[in-house]
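Enquirer: Here you go, one structure.
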Amino acid sequence: PVILGIESSCDETSASVCVDGQILSNVIANQTIHEAYGGVVPELASRVHQQNIVPAVQQALLNAKVNKNDIDAVAFTRGPGLLGSLLVGVSFAKAFALAQKLPLIDINHMQAHILAHFIGDHKPVFPFLCLTVSGGHTQIVLVKDYFDMEVIGQTIDDAAGEAMDKTSKILGLPYPGGPLIDKYARLGNADAYKFPEPQIPGLDFSFSGLKTSILYFIRDNVAKNPDFISENLPDICASVEKRIVTILLNKLQKAAEANGIKQIALAGGVSANTGLRLGLQALCMEKGWESFIPKMEYCTDNAAMIAIAGHYKYLNGDFAGQEIAPLARMIF
Ligand code: ATP
Ligand code: MG
Ligand code: FE
């Protein structure tokens, strides 16, 4: 089938064309307008989605060399995400489907992050574990089938991406800070500073204590030396990144051992992080496990993951009606 995928859950407007499980285009319009605000401003995000959605779809069709009359179904992100942002993608998908007389396929954004692993040749085999780490989520997911997934561990407060972004805000870096922490971390000593590892039972995570300890650490050092941040930025970023990565990988290892699973995947925006990618590879090498790490363009929000998820739902004959509405909060 030829699937048009639409993603608009946060601040990326994206469109993708998937033909028989092959991604032929993946157009992502990033919104730069939020940089000055230290986070995504929902009201602005929906307005920019409204401007970008039609050009993004046109470009995706052009890049894929697919005519709109050849499309078999429209897959869109139903949630979770910002409601105003979701409404733009959902409304576009409905209007397009109505005009072209096509079926609709609703997709859960967090499942789609995981299903991005079914783009390309190196596909995991069920059941596998996926650590989904993004701006809004930190989950260990037991993936039993394309749409049969169980969250076996999750954050009780902040997400890992939020920890990255809040740290960068404390350091005076622009939003989103994750990529900048990654960039500076490569130049620093990860053992320069020690941040505490939270003691949370089971497979759950917590990042709010870490954020507070980073805040106090910076405040105390800046009180002694006003140039502390600029003089030590690489070491600070490397040390923070190392702590976030060890928190994530320790729980992931525990989950793998508890479930006897040897195939481990990463998903979500934070899976673009160099330290996490290298750390998972090293862990899997040591344990004899197989790691699955998405290509960079499929880590952060993109419509290719929506289109590939739509492909599998199409094969299941699982469609949505025109009455469907977005859900800001949505579980599996
Ligand atoms: P969700 O998927 O939970 O709805 P989201 O869509 O905002 O949230 P993504 O686009 O999947 O999240 O991921 C964005 C997050 O990834 C941000 O917190 C960003 O800082 C982080 N991030 C992106 N690249 C990197 C990197 N190289 N290192 C660390 N963090 C990164
Ligand atoms: Mg984003
Ligand atoms: Fe996302």
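For the structure tokens, the naming scheme is as follows: chains receive sequential letters (A, B, ...) according to their order of presentation, residues are indexed from 1 within each chain, and ligands are indexed from 1 in presentation order.
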Dump the neighbourhood of ligand 3 as number ranges by chain: all residues within 12 Å, distances computed on only C-alpha atoms and all ligand atoms.

Expert: A: 7-14, 77, 79-82, 108-114, 116, 132-138, 159, 161, 267-272, 297-303, 305-306

Enquirer: In segment 75-223 of chain A, what's strand (DSSP E or B) per DSSP? Answer as a ChimeraX atom specification?

Expert: /A:75-79,104-108,128-133,138-145,148-155,205

Enquirer: List as a ChimeraX atom specification the protein and nucleic acid residues near Leu248 of chain A, meaning an atom at most 9 Å away when only C-alpha atoms are counted, but skip any in the same chain fewer than 4 places from it.

Expert: /A:131,133,138,160,205,243-244,252-253,276

Enquirer: Could you check the closest approach to ligand 2 for each of A:Val17, A:Val245, A:Ala99, A:Ala29 and tell me which residue wins, using only C-alpha atoms and all ligand atoms?

Expert: A:Ala29

Enquirer: May I ask which of the residues A:Asp227, A:Asp106, A:Asp158, A:Glu35 is the closest one to Ala325 of chain A, counting only C-alpha atoms?

Expert: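 Counting only C-alpha atoms, the residue closest to Ala325 of chain A is A:Asp106.
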
Enquirer: As a PyMOL selection string, please: every residue in segment 130-293 of chain A that a backbone DSSP assignment puts in helix (DSSP H, G or I).

Expert: chain A and resi 160-170+178-185+208-224+228-259+269-272+274-287

Enquirer: Excluding segment 311-322 of chain A and any residue of its chain fewer than 3 positions from it, enumerate the residues within 9 Å of it, using only C-alpha atoms, and give them as a ChimeraX atom specification.

Expert: /A:1-3,18-21,73,75,94,97-98,103-107,146-147,306-308,325

Enquirer: Pull N, CA and C atoms from the residues just selected and write them as a CSV table (one decimal), in the first residue's frame.

Expert:
```csv
chain,number,residue,atom,x,y,z
A,1,PRO,N,0.8,-1.2,0.0
A,1,PRO,CA,0.0,0.0,0.0
A,1,PRO,C,0.9,1.3,0.0
A,2,VAL,N,0.3,2.4,-0.5
A,2,VAL,CA,0.9,3.7,-0.5
A,2,VAL,C,0.3,4.5,0.7
A,3,ILE,N,1.1,4.8,1.7
A,3,ILE,CA,0.6,5.4,2.9
A,3,ILE,C,1.2,6.9,3.0
A,18,CYS,N,5.2,6.3,2.4
A,18,CYS,CA,5.6,4.9,2.5
A,18,CYS,C,5.0,4.0,1.5
A,19,VAL,N,5.8,3.3,0.7
A,19,VAL,CA,5.2,2.5,-0.3
A,19,VAL,C,5.6,1.0,-0.1
A,20,ASP,N,4.7,0.2,0.2
A,20,ASP,CA,4.9,-1.2,0.6
A,20,ASP,C,6.0,-1.4,1.6
A,21,GLY,N,6.0,-0.6,2.6
A,21,GLY,CA,6.9,-0.7,3.8
A,21,GLY,C,8.3,0.0,3.5
A,73,ALA,N,-4.1,5.3,1.8
A,73,ALA,CA,-4.6,5.6,3.2
A,73,ALA,C,-3.8,6.8,3.8
A,75,ALA,N,-2.3,8.1,7.3
A,75,ALA,CA,-2.0,7.8,8.7
A,75,ALA,C,-1.6,9.1,9.4
A,94,LYS,N,-8.0,14.3,7.9
A,94,LYS,CA,-9.4,14.1,7.7
A,94,LYS,C,-9.9,14.7,6.4
A,97,ALA,N,-8.4,12.9,3.4
A,97,ALA,CA,-9.0,11.6,3.2
A,97,ALA,C,-10.4,11.8,2.6
A,98,LEU,N,-11.1,12.8,3.1
A,98,LEU,CA,-12.5,13.0,2.6
A,98,LEU,C,-12.4,13.4,1.1
A,103,PRO,N,-9.3,5.8,3.3
A,103,PRO,CA,-9.4,5.5,4.7
A,103,PRO,C,-8.4,6.2,5.6
A,104,LEU,N,-8.7,6.4,6.9
A,104,LEU,CA,-7.9,7.1,7.8
A,104,LEU,C,-7.3,6.0,8.8
A,105,ILE,N,-6.0,6.3,9.2
A,105,ILE,CA,-5.4,5.4,10.2
A,105,ILE,C,-4.8,6.2,11.3
A,106,ASP,N,-5.4,6.0,12.5
A,106,ASP,CA,-4.9,6.8,13.7
A,106,ASP,C,-3.7,6.1,14.3
A,107,ILE,N,-2.7,6.9,14.6
A,107,ILE,CA,-1.4,6.3,15.2
A,107,ILE,C,-1.1,6.9,16.5
A,146,TYR,N,3.5,-5.6,16.7
A,146,TYR,CA,3.5,-4.2,16.2
A,146,TYR,C,2.6,-3.3,17.1
A,147,PHE,N,1.4,-3.8,17.5
A,147,PHE,CA,0.5,-3.0,18.3
A,147,PHE,C,0.2,-3.6,19.6
A,306,ILE,N,5.3,7.5,11.5
A,306,ILE,CA,3.8,7.4,11.4
A,306,ILE,C,3.4,6.6,10.2
A,307,ALA,N,4.1,6.8,9.1
A,307,ALA,CA,3.8,6.2,7.8
A,307,ALA,C,4.1,4.7,8.0
A,308,ILE,N,5.2,4.3,8.6
A,308,ILE,CA,5.5,2.8,8.7
A,308,ILE,C,4.5,2.2,9.7
A,325,ALA,N,-11.0,12.0,17.0
A,325,ALA,CA,-10.5,13.3,17.5
A,325,ALA,C,-9.1,13.0,18.2
```

Enquirer: Taking 5 positions as the minimum chain separation for residues in the same chain, which residues sit within 9 Å of segment 189-194 of chain A when counting only C-alpha atoms? Answer as a list in words.

Expert: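 These residues fall inside the cut-off: Pro234, Asp235, Ile236, Cys237, Ala238, Ser239, Val240, Glu241, Lys242 and Arg243 of chain A.
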
Enquirer: Residues as selected, C-alpha atoms, written as an mmCIF file, in the first residue's frame, can you do that?

Expert:
```cif
data_model
loop_
_atom_site.group_PDB
_atom_site.id
_atom_site.type_symbol
_atom_site.label_atom_id
_atom_site.label_comp_id
_atom_site.auth_asym_id
_atom_site.auth_seq_id
_atom_site.Cartn_x
_atom_site.Cartn_y
_atom_site.Cartn_z
ATOM 1 C CA PRO A 234 32.286 20.670 28.403
ATOM 2 C CA ASP A 235 33.037 18.954 31.751
ATOM 3 C CA ILE A 236 29.607 19.900 33.156
ATOM 4 C CA CYS A 237 27.780 18.620 30.061
ATOM 5 C CA ALA A 238 29.828 15.408 29.914
ATOM 6 C CA SER A 239 29.212 14.685 33.611
ATOM 7 C CA VAL A 240 25.461 15.374 33.394
ATOM 8 C CA GLU A 241 25.131 13.292 30.245
ATOM 9 C CA LYS A 242 27.041 10.412 31.839
ATOM 10 C CA ARG A 243 24.707 10.384 34.844
#
```

Enquirer: May I have the residues within 12 Å of Lys123 of chain A as a tab-separated table (two decimals) with N, CA and C atoms, in the first residue's frame, using only C-alpha atoms and disregarding those fewer than 6 positions away in the same chain?

Expert:
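Output file around-v2.tsv follows:
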```tsv
chain	number	residue	atom	x	y	z
A	114	ILE	N	8.68	3.64	18.38
A	114	ILE	CA	9.23	2.28	18.45
A	114	ILE	C	9.18	1.61	17.08
A	115	LEU	N	8.07	1.79	16.36
A	115	LEU	CA	7.92	1.13	15.05
A	115	LEU	C	8.86	1.69	14.00
A	116	ALA	N	9.51	2.81	14.29
A	116	ALA	CA	10.54	3.34	13.38
A	116	ALA	C	11.62	2.28	13.13
A	117	HIS	N	11.75	1.32	14.04
A	117	HIS	CA	12.73	0.24	13.84
A	117	HIS	C	12.38	-0.70	12.70
A	146	TYR	N	3.50	-5.62	16.71
A	146	TYR	CA	3.46	-4.23	16.21
A	146	TYR	C	2.60	-3.33	17.09
A	263	GLN	N	17.33	-8.63	22.75
A	263	GLN	CA	17.27	-7.62	21.69
A	263	GLN	C	16.78	-6.32	22.30
A	264	ILE	N	17.64	-5.28	22.20
A	264	ILE	CA	17.34	-4.04	22.91
A	264	ILE	C	17.38	-2.88	21.92
A	265	ALA	N	16.30	-2.10	21.92
A	265	ALA	CA	16.19	-0.97	21.00
A	265	ALA	C	16.11	0.35	21.75
A	290	GLU	N	21.83	-7.93	21.21
A	290	GLU	CA	21.82	-7.20	19.95
A	290	GLU	C	21.17	-5.84	20.17
A	291	SER	N	21.83	-4.76	19.72
A	291	SER	CA	21.26	-3.43	19.92
A	291	SER	C	20.66	-2.90	18.62
A	292	PHE	N	19.58	-2.12	18.75
A	292	PHE	CA	18.91	-1.51	17.61
A	292	PHE	C	18.83	-0.02	17.87
A	293	ILE	N	19.55	0.74	17.06
A	293	ILE	CA	19.65	2.17	17.27
A	293	ILE	C	19.16	2.87	16.02
A	294	PRO	N	18.10	3.70	16.13
A	294	PRO	CA	17.54	4.29	14.91
A	294	PRO	C	18.49	5.27	14.23
```
